[in-house]
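A.B. asks: For reference, the file protein_16.txt (compact mmCIF, C-alpha atoms) is included below:
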# COMPACT_ATOMS: atom_id res chain seq x y z
CA MET A 1 0.00 0.00 0.00
CA ALA A 2 1.50 3.31 -1.09
CA THR A 3 0.61 5.18 2.04
CA THR A 4 2.20 2.59 4.28
CA ARG A 5 5.44 3.05 2.36
CA GLN A 6 5.18 6.79 2.91
CA LEU A 7 5.17 6.22 6.65
CA ARG A 8 8.73 4.89 6.71
CA VAL A 9 11.89 6.94 7.06
CA ASP A 10 14.32 4.05 6.54
CA ASP A 11 15.86 5.68 3.46
CA LEU A 12 16.60 8.89 5.32
CA GLY A 13 19.61 7.55 7.19
CA SER A 14 20.89 9.87 9.90
CA PRO A 15 18.57 12.88 10.29
CA TYR A 16 21.42 15.09 11.49
CA GLY A 17 22.67 17.61 8.97
CA LYS A 18 19.39 17.31 7.07
CA VAL A 19 16.13 19.17 6.63
CA VAL A 20 13.06 16.91 6.58
CA LEU A 21 9.95 18.37 4.95
CA ILE A 22 6.67 16.58 5.77
CA GLN A 23 3.87 17.87 3.56
CA GLY A 24 0.21 16.95 3.27
CA PRO A 25 -3.24 17.23 4.82
CA GLU A 26 -3.34 13.92 6.71
CA GLU A 27 -2.49 15.07 10.23
CA MET A 28 -2.12 11.64 11.81
CA LEU A 29 0.27 10.35 9.17
CA ALA A 30 2.33 13.53 9.42
CA ALA A 31 2.53 13.19 13.21
CA ARG A 32 3.73 9.61 12.84
CA LEU A 33 6.48 10.67 10.47
CA VAL A 34 7.61 13.37 12.88
CA GLU A 35 7.80 10.81 15.70
CA GLN A 36 9.75 8.41 13.50
CA VAL A 37 12.35 11.05 12.62
CA VAL A 38 12.68 12.06 16.29
CA ALA A 39 13.00 8.39 17.29
CA VAL A 40 15.82 7.88 14.76
CA ALA A 41 17.55 11.00 16.11
CA ARG A 42 17.25 9.72 19.69
CA ALA A 43 18.47 6.27 18.74
CA GLU A 44 21.59 7.79 17.23
CA ASP A 45 22.15 10.17 20.15
CA PRO A 46 20.09 9.55 23.34
CA SER A 47 21.17 12.92 24.74
CA VAL A 48 19.65 14.89 21.84
CA GLU A 49 17.62 17.95 22.81
CA VAL A 50 14.19 17.91 21.13
CA VAL A 51 12.54 21.28 20.50
CA ARG A 52 8.96 21.49 19.19
CA THR A 53 7.19 24.68 18.19
CA GLY A 54 4.71 26.14 15.73
CA ALA A 55 5.77 28.55 12.99
CA ALA A 56 3.20 31.20 13.95
CA GLY A 57 4.88 34.09 15.74
CA LEU A 58 8.36 32.68 15.19
CA GLU A 59 10.97 34.94 13.60
CA GLY A 60 14.33 34.23 12.02
CA GLY A 61 16.14 35.35 15.18
CA ASP A 62 14.10 32.92 17.27
CA PHE A 63 15.06 30.10 14.94
CA ALA A 64 18.73 31.04 15.18
CA GLN A 65 18.51 30.90 18.95
CA MET A 66 16.77 27.52 18.88
CA THR A 67 19.51 26.03 16.72
CA SER A 68 22.50 27.68 18.40
CA GLY A 69 23.23 24.68 20.60
CA SER A 70 22.59 23.71 24.19
CA LEU A 71 24.68 23.57 27.34
CA PHE A 72 23.33 20.06 27.99
CA ALA A 73 23.28 18.43 24.54
CA ALA A 74 25.63 18.45 21.58
CA ARG A 75 22.82 17.74 19.10
CA SER A 76 19.30 19.05 18.60
CA ALA A 77 16.16 17.90 16.82
CA VAL A 78 13.99 20.90 15.96
CA VAL A 79 10.39 20.32 14.88
CA ILE A 80 8.46 23.28 13.43
CA GLU A 81 4.75 22.70 12.74
CA ASP A 82 2.34 24.74 10.59
CA LEU A 83 4.95 25.93 8.12
CA ALA A 84 2.21 27.80 6.23
CA GLU A 85 2.26 30.37 9.06
CA ALA A 86 5.99 31.14 8.70
CA SER A 87 6.95 34.81 8.56
CA ASP A 88 9.26 36.09 5.84
CA SER A 89 12.23 36.22 8.22
CA LEU A 90 11.61 32.65 9.42
CA ALA A 91 11.22 31.44 5.83
CA GLN A 92 14.55 33.00 4.90
CA ALA A 93 16.24 31.42 7.93
CA LEU A 94 14.83 28.00 7.03
CA LEU A 95 15.97 28.29 3.43
CA ALA A 96 19.44 29.23 4.60
CA ALA A 97 19.45 26.20 6.92
CA ALA A 98 18.38 23.97 4.02
CA ALA A 99 21.13 25.36 1.80
CA ASP A 100 23.81 24.72 4.42
CA PRO A 101 22.49 22.26 7.05
CA ALA A 102 24.23 22.24 10.43
CA PRO A 103 25.73 18.78 11.04
CA ASP A 104 24.43 18.57 14.62
CA ILE A 105 20.84 19.67 13.86
CA ALA A 106 17.94 17.49 12.67
CA LEU A 107 15.38 19.96 11.33
CA VAL A 108 11.82 18.72 10.74
CA LEU A 109 9.31 21.03 9.05
CA VAL A 110 5.59 20.23 8.73
CA HIS A 111 3.30 21.82 6.12
CA ARG A 112 -0.38 20.82 6.11
CA GLY A 113 -0.90 21.35 2.40
CA GLY A 114 -2.75 24.06 0.54
CA ASN A 115 -1.45 27.12 -1.25
CA LYS A 116 -0.48 29.16 1.81
CA GLY A 117 3.25 28.83 2.33
CA LYS A 118 3.65 26.87 -0.91
CA GLY A 119 6.40 29.21 -2.08
CA VAL A 120 8.74 28.32 0.77
CA VAL A 121 7.84 24.64 0.39
CA ASP A 122 8.84 24.69 -3.30
CA LYS A 123 12.12 26.42 -2.44
CA LEU A 124 12.86 23.87 0.28
CA LYS A 125 12.35 21.07 -2.23
CA LYS A 126 14.76 22.76 -4.64
CA ALA A 127 17.25 23.03 -1.78
CA LYS A 128 17.15 19.21 -1.57
CA ALA A 129 15.20 18.93 1.67
CA ALA A 130 14.13 15.32 2.29
CA HIS A 131 10.51 15.43 1.18
CA PHE A 132 7.86 13.11 2.64
CA PRO A 133 4.33 13.63 1.24
CA VAL A 134 1.39 12.48 3.39
CA THR A 135 -1.60 12.52 1.08
CA ALA A 136 -5.07 11.66 2.32
CA LEU A 137 -6.02 8.03 1.82
CA LYS A 138 -8.41 7.11 -0.95
CA PRO A 139 -11.48 5.09 0.11
CA ARG A 140 -10.11 1.95 -1.54
CA GLU A 141 -6.90 2.25 0.53
CA LEU A 142 -8.62 2.22 3.91
CA VAL A 143 -9.00 -1.57 4.09
CA GLY A 144 -5.26 -1.98 3.49
CA PHE A 145 -4.56 0.67 6.11
CA VAL A 146 -6.67 -1.20 8.69
CA GLU A 147 -4.97 -4.50 7.86
CA HIS A 148 -1.56 -2.85 8.26
CA GLU A 149 -2.53 -1.35 11.62
CA ALA A 150 -3.67 -4.78 12.82
CA ARG A 151 -0.38 -6.40 11.75
CA THR A 152 1.69 -3.82 13.63
CA ARG A 153 -0.17 -4.91 16.78
CA GLY A 154 0.36 -8.60 16.20
CA ALA A 155 -3.26 -9.09 15.09
CA ARG A 156 -4.91 -9.97 11.81
CA LEU A 157 -8.29 -9.66 10.12
CA ASP A 158 -9.82 -10.58 6.78
CA PRO A 159 -10.46 -7.86 4.17
CA GLN A 160 -14.21 -8.28 4.69
CA VAL A 161 -13.85 -7.58 8.41
CA ALA A 162 -11.55 -4.63 7.70
CA GLN A 163 -14.20 -3.19 5.38
CA GLN A 164 -16.83 -3.80 8.04
CA LEU A 165 -14.74 -1.79 10.49
CA VAL A 166 -14.32 1.06 7.99
CA ASP A 167 -18.07 1.07 7.35
CA SER A 168 -18.71 1.15 11.08
CA VAL A 169 -16.16 3.72 12.21
CA GLY A 170 -15.82 5.95 9.16
CA THR A 171 -12.81 7.35 7.33
CA ASP A 172 -11.09 9.31 10.12
CA LEU A 173 -7.69 7.64 10.52
CA ARG A 174 -7.31 8.40 14.22
CA SER A 175 -10.68 6.77 14.89
CA LEU A 176 -9.72 3.75 12.81
CA VAL A 177 -6.39 3.39 14.59
CA GLY A 178 -8.13 3.60 17.97
CA ALA A 179 -10.68 1.01 16.89
CA VAL A 180 -8.01 -1.42 15.66
CA ASP A 181 -6.04 -0.95 18.87
CA GLN A 182 -9.12 -1.73 20.97
CA LEU A 183 -10.05 -4.78 18.90
CA ALA A 184 -6.48 -6.14 18.90
CA GLN A 185 -6.36 -5.94 22.68
CA ASP A 186 -9.73 -7.68 23.07
CA SER A 187 -9.05 -10.44 20.55
CA GLU A 188 -8.10 -13.58 22.49
CA ASP A 189 -6.09 -15.25 19.69
CA GLY A 190 -5.03 -12.23 17.61
CA LEU A 191 -7.73 -12.78 14.99
CA ILE A 192 -10.22 -9.91 14.77
CA ARG A 193 -13.52 -11.47 13.78
CA GLU A 194 -16.78 -10.02 12.51
CA ASP A 195 -18.61 -10.71 15.77
CA LEU A 196 -16.00 -8.73 17.73
CA VAL A 197 -16.42 -5.73 15.43
CA ARG A 198 -20.18 -6.00 15.79
CA ARG A 199 -19.92 -6.15 19.58
CA PHE A 200 -18.04 -2.85 19.77
CA PHE A 201 -19.51 -0.99 16.78
CA GLN A 202 -22.93 -2.53 16.14
CA GLY A 203 -24.73 0.76 16.66
CA ARG A 204 -22.89 2.74 14.01
CA ALA A 205 -25.30 4.01 11.35
CA GLU A 206 -23.26 3.32 8.23
CA VAL A 207 -22.71 -0.38 8.82
CA LYS A 208 -26.39 -0.94 9.64
CA GLY A 209 -27.49 0.58 6.34
CA PHE A 210 -25.25 -1.69 4.30
CA THR A 211 -26.20 -4.75 6.38
CA ILE A 212 -29.85 -4.10 5.59
CA ALA A 213 -29.11 -3.56 1.89
CA ASP A 214 -27.03 -6.73 1.58
CA ALA A 215 -29.74 -8.82 3.21
CA ALA A 216 -32.51 -7.36 1.04
CA LEU A 217 -30.55 -7.75 -2.19
CA ALA A 218 -29.83 -11.38 -1.27
CA GLY A 219 -33.55 -12.05 -0.80
CA GLN A 220 -33.22 -12.53 2.96
CA THR A 221 -36.51 -10.85 3.81
CA THR A 222 -36.76 -11.76 7.49
CA ARG A 223 -33.20 -10.77 8.28
CA ALA A 224 -33.47 -7.52 6.31
CA LEU A 225 -36.63 -6.49 8.18
CA GLU A 226 -35.16 -7.44 11.56
CA GLU A 227 -32.01 -5.39 10.84
CA LEU A 228 -34.16 -2.48 9.67
CA ARG A 229 -36.24 -2.41 12.84
CA TRP A 230 -33.14 -2.68 15.02
CA ALA A 231 -31.47 0.15 13.10
CA LEU A 232 -34.48 2.45 13.46
CA ALA A 233 -34.80 1.62 17.15
CA SER A 234 -31.14 2.51 17.70
CA GLY A 235 -31.47 5.88 15.98
CA THR A 236 -30.14 5.28 12.48
CA ALA A 237 -31.26 8.07 10.17
CA PRO A 238 -33.71 6.78 7.50
CA VAL A 239 -31.83 8.59 4.72
CA LEU A 240 -28.70 6.53 5.48
CA ILE A 241 -30.70 3.36 4.87
CA THR A 242 -32.08 4.49 1.52
CA SER A 243 -28.59 5.70 0.57
CA ALA A 244 -27.08 2.29 1.34
CA MET A 245 -29.83 0.53 -0.60
CA ALA A 246 -29.33 2.83 -3.59
CA SER A 247 -25.60 2.16 -3.51
CA GLY A 248 -26.21 -1.59 -3.45
CA VAL A 249 -28.64 -1.53 -6.38
CA ARG A 250 -26.35 0.72 -8.43
CA GLY A 251 -23.44 -1.61 -7.72
CA LEU A 252 -25.38 -4.62 -9.02
CA GLY A 253 -26.36 -2.64 -12.11
CA ARG A 254 -22.73 -1.80 -12.84
CA LEU A 255 -21.65 -5.38 -12.21
CA SER A 256 -24.32 -6.63 -14.59
CA GLY A 257 -22.90 -4.35 -17.28
CA VAL A 258 -19.36 -5.71 -16.93
CA ARG A 259 -20.31 -9.35 -16.31
CA GLY A 260 -17.56 -11.66 -17.58
CA ARG A 261 -15.14 -8.88 -18.56
CA GLY A 262 -11.70 -8.38 -17.00
CA ASN A 263 -10.10 -9.72 -13.84
CA ASP A 264 -11.46 -9.05 -10.37
CA ASN A 265 -9.27 -6.01 -9.75
CA GLU A 266 -10.33 -4.40 -13.04
CA VAL A 267 -14.01 -5.16 -12.47
CA ALA A 268 -13.88 -3.88 -8.88
CA ALA A 269 -12.25 -0.64 -10.07
CA ASP A 270 -14.91 -0.21 -12.77
CA ILE A 271 -17.81 -0.50 -10.36
CA GLY A 272 -16.14 1.22 -7.40
CA VAL A 273 -15.92 -1.56 -4.79
CA PRO A 274 -13.03 -3.47 -3.17
CA PRO A 275 -12.22 -6.78 -4.95
CA TRP A 276 -13.35 -8.97 -2.03
CA LYS A 277 -16.87 -7.48 -2.28
CA LEU A 278 -17.33 -8.96 -5.77
CA ARG A 279 -18.02 -12.46 -4.42
CA THR A 280 -20.98 -11.21 -2.39
CA MET A 281 -22.26 -9.08 -5.26
CA ARG A 282 -22.00 -11.93 -7.76
CA GLN A 283 -24.04 -14.15 -5.46
CA GLN A 284 -26.63 -11.40 -5.17
CA LEU A 285 -26.66 -10.79 -8.92
CA GLN A 286 -27.74 -14.38 -9.60
CA ARG A 287 -31.16 -13.32 -8.28
CA TRP A 288 -31.42 -10.22 -10.48
CA ASP A 289 -31.96 -9.30 -14.11
CA ASP A 290 -32.09 -5.85 -15.70
CA LEU A 291 -35.89 -5.59 -15.38
CA ARG A 292 -35.89 -6.38 -11.66
CA LEU A 293 -32.97 -3.99 -11.07
CA ALA A 294 -34.93 -1.24 -12.82
CA ARG A 295 -37.90 -1.93 -10.55
CA ALA A 296 -35.63 -1.85 -7.50
CA VAL A 297 -34.25 1.51 -8.57
CA ARG A 298 -37.78 2.92 -8.69
CA LEU A 299 -38.65 1.42 -5.30
CA VAL A 300 -35.57 2.93 -3.67
CA ALA A 301 -36.13 6.32 -5.32
CA ARG A 302 -39.71 6.40 -4.05
CA ALA A 303 -38.63 5.46 -0.52
CA ASP A 304 -35.89 8.07 -0.58
CA ALA A 305 -38.41 10.76 -1.50
CA ASP A 306 -40.76 9.51 1.21
CA VAL A 307 -38.18 9.64 4.01
CA LYS A 308 -37.20 13.14 2.91
CA GLY A 309 -40.69 14.44 3.46
CA ALA A 310 -42.99 13.12 0.75
CA ALA A 311 -44.65 10.74 3.21
CA ASP A 312 -45.76 11.06 6.82
CA ASP A 313 -44.31 7.76 8.06
CA ALA A 314 -40.63 7.19 7.20
CA ALA A 315 -40.52 3.85 9.00
CA TYR A 316 -43.43 2.52 6.92
CA ALA A 317 -41.75 3.74 3.72
CA LEU A 318 -38.54 1.92 4.63
CA ASP A 319 -40.41 -1.20 5.64
CA THR A 320 -42.18 -1.24 2.28
CA MET A 321 -38.96 -0.66 0.34
CA VAL A 322 -37.05 -3.44 2.12
CA LEU A 323 -39.93 -5.88 1.81
CA GLN A 324 -40.51 -5.25 -1.89
CA VAL A 325 -36.80 -5.25 -2.85
CA SER A 326 -36.14 -8.48 -0.96
CA ARG A 327 -39.20 -10.07 -2.56
CA LEU A 328 -37.90 -9.12 -6.01
CA ALA A 329 -34.62 -10.83 -5.13
CA GLY A 330 -36.41 -13.84 -3.73
CA ARG A 331 -38.35 -14.71 -6.85
Before we go any further, please render this structure as structure tokens.
C.D. replies:
Amino acid sequence: MATTRQLRVDDLGSPYGKVVLIQGPEEMLAARLVEQVVAVARAEDPSVEVVRTGAAGLEGGDFAQMTSGSLFAARSAVVIEDLAEASDSLAQALLAAAADPAPDIALVLVHRGGNKGKGVVDKLKKAKAAHFPVTALKPRELVGFVEHEARTRGARLDPQVAQQLVDSVGTDLRSLVGAVDQLAQDSEDGLIREDLVRRFFQGRAEVKGFTIADAALAGQTTRALEELRWALASGTAPVLITSAMASGVRGLGRLSGVRGRGNDNEVAADIGVPPWKLRTMRQQLQRWDDLRLARAVRLVARADADVKGAADDAAYALDTMVLQVSRLAGR
């Protein structure tokens, strides 16, 4: 996974006498890189003095003082966050440091992305600063990210369970890391199973919507209705349920259009799902033809309008949608 590779600083070597530029909007990944660089600096010299500060309000003279050495340590690791807020005098001091790095200083600069401060970032790159981009993960990368986080904790989980966790927790990386950490600690044998994820995150709205949709599209009427009533009782917003159902029907429609063409990775990319999801969708698609899918689209569209105000009883509208869609699949 590309982002996992970005999280390593193995190729940096000694951070002393170098300027490390960490750039990108993903705050958690940037923070990890900072900690890795500081850890390498400490491993090389346990007595290193670590200085952390934000760029806002910092001038060139302040930077010179920070990097002038310490009575207690021969080396320093200086971390400056929010580089976009750097004043002109600080920017000039940083560029000078990048042009002629001090051999006993490890300088780490963090820029959160965006156009503000981009000029100094571009000049630092030209000055051969070690550049580590931390781009936001794409939705299809989140399952790999969760699997990687589990492995670093001595745990493991199947891609389906990783996707279930993403659906339950959402796309915030800090939340996902916290969830994996909790599940890894509570897993007795290191294997994170579906029932463990359900135990901790059963009430999350997103996963309930897709659970209902999968059951209905597989013709499992009783299960779909039970999941629907549980979801509504636990406060899931009706619009999330119609959204999940619409996504499921659209996915089957796209899969029907590419049936038999390309390998799993190509097909998954075409229809916008992870490759492991294709097995479930292909099983569902055996129950559907184009006419039934068209009817399902109309049923979901009507329910979506109803829950958004066209009808007085959203629960009844959802009940009707789930019942009729699952009956179409069950024929």
A.B. asks: Have a look at atom CA of A:Lys277 and atom CA of A:Arg254 and let me know their distance in Å, one decimal.
C.D. replies: 13.3 Å
A.B. asks: Nearest to A:Ser87: which of A:Arg75, A:Ala102, A:Pro15, A:Gly117 is it, counting only C-alpha atoms?
C.D. replies: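 Among the listed residues, the smallest separation from A:Ser87 belongs to A:Gly117.
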A.B. asks: One number please: atom CA of A:Val300 to atom CA of A:Gly209, in Å, one decimal.
C.D. replies: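 Between these atoms lies a distance of 13.1 Å.
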A.B. asks: Name the closest residue to A:Glu188 among the candidates A:Ala155, A:Val20, A:Ala129, A:Val134; distances are taken between atoms, counting all atoms listed in the file.
C.D. replies: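 Ranked by minimum distance to A:Glu188, first place goes to A:Ala155.
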A.B. asks: Leaving out stretch 223-227 of chain A and any residue of its chain fewer than 6 positions from it, which residues lie within 8 Å of it when counting all atoms listed in the file, given as number ranges by chain?
C.D. replies: A: 208, 211-213, 215-216, 319, 322-323, 326
A.B. asks: Could you check the closest approach to A:Lys128 for each of A:Ala64, A:Ser175, A:Ser234, A:Leu21 and tell me which residue wins, using only C-alpha atoms?
C.D. replies: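 Looking at the shortest contact to A:Lys128, the residue is A:Leu21.
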A.B. asks: Considering all atoms listed in the file, tabulate each residue of stretch 104-132 of chain A that lies at most 10 Å from stretch 28-40 of chain A along with its nearest interatomic pair and the corresponding distance in Å to one decimal; arrange the rows by chain and ascending residue number and present them as a Markdown table.
C.D. replies:
| residue | atom | partner | partner_atom | distance |
| --- | --- | --- | --- | --- |
| A:Ala106 | CA | A:Val38 | CA | 8.4 |
| A:Leu107 | CA | A:Val37 | CA | 9.5 |
| A:Val108 | CA | A:Val34 | CA | 7.1 |
| A:Leu109 | CA | A:Val34 | CA | 8.7 |
| A:Val110 | CA | A:Ala30 | CA | 7.5 |
| A:His111 | CA | A:Ala30 | CA | 9.0 |
| A:Arg112 | CA | A:Ala30 | CA | 8.5 |
| A:Phe132 | CA | A:Leu33 | CA | 8.3 |
A.B. asks: Counting only C-alpha atoms, what is within 9 Å of A:Gln284, bar same-chain residues fewer than 5 positions away, as a list in words?
C.D. replies: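 My list of contacting residues is Asp214, Leu217, Ala218, Gly219, Leu252, Arg279 and Ala329 of chain A.
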A.B. asks: May I ask for the distance between atom CA of A:Leu299 and atom CA of A:Ile241, given in Å to one decimal place?
C.D. replies: 13.1 Å
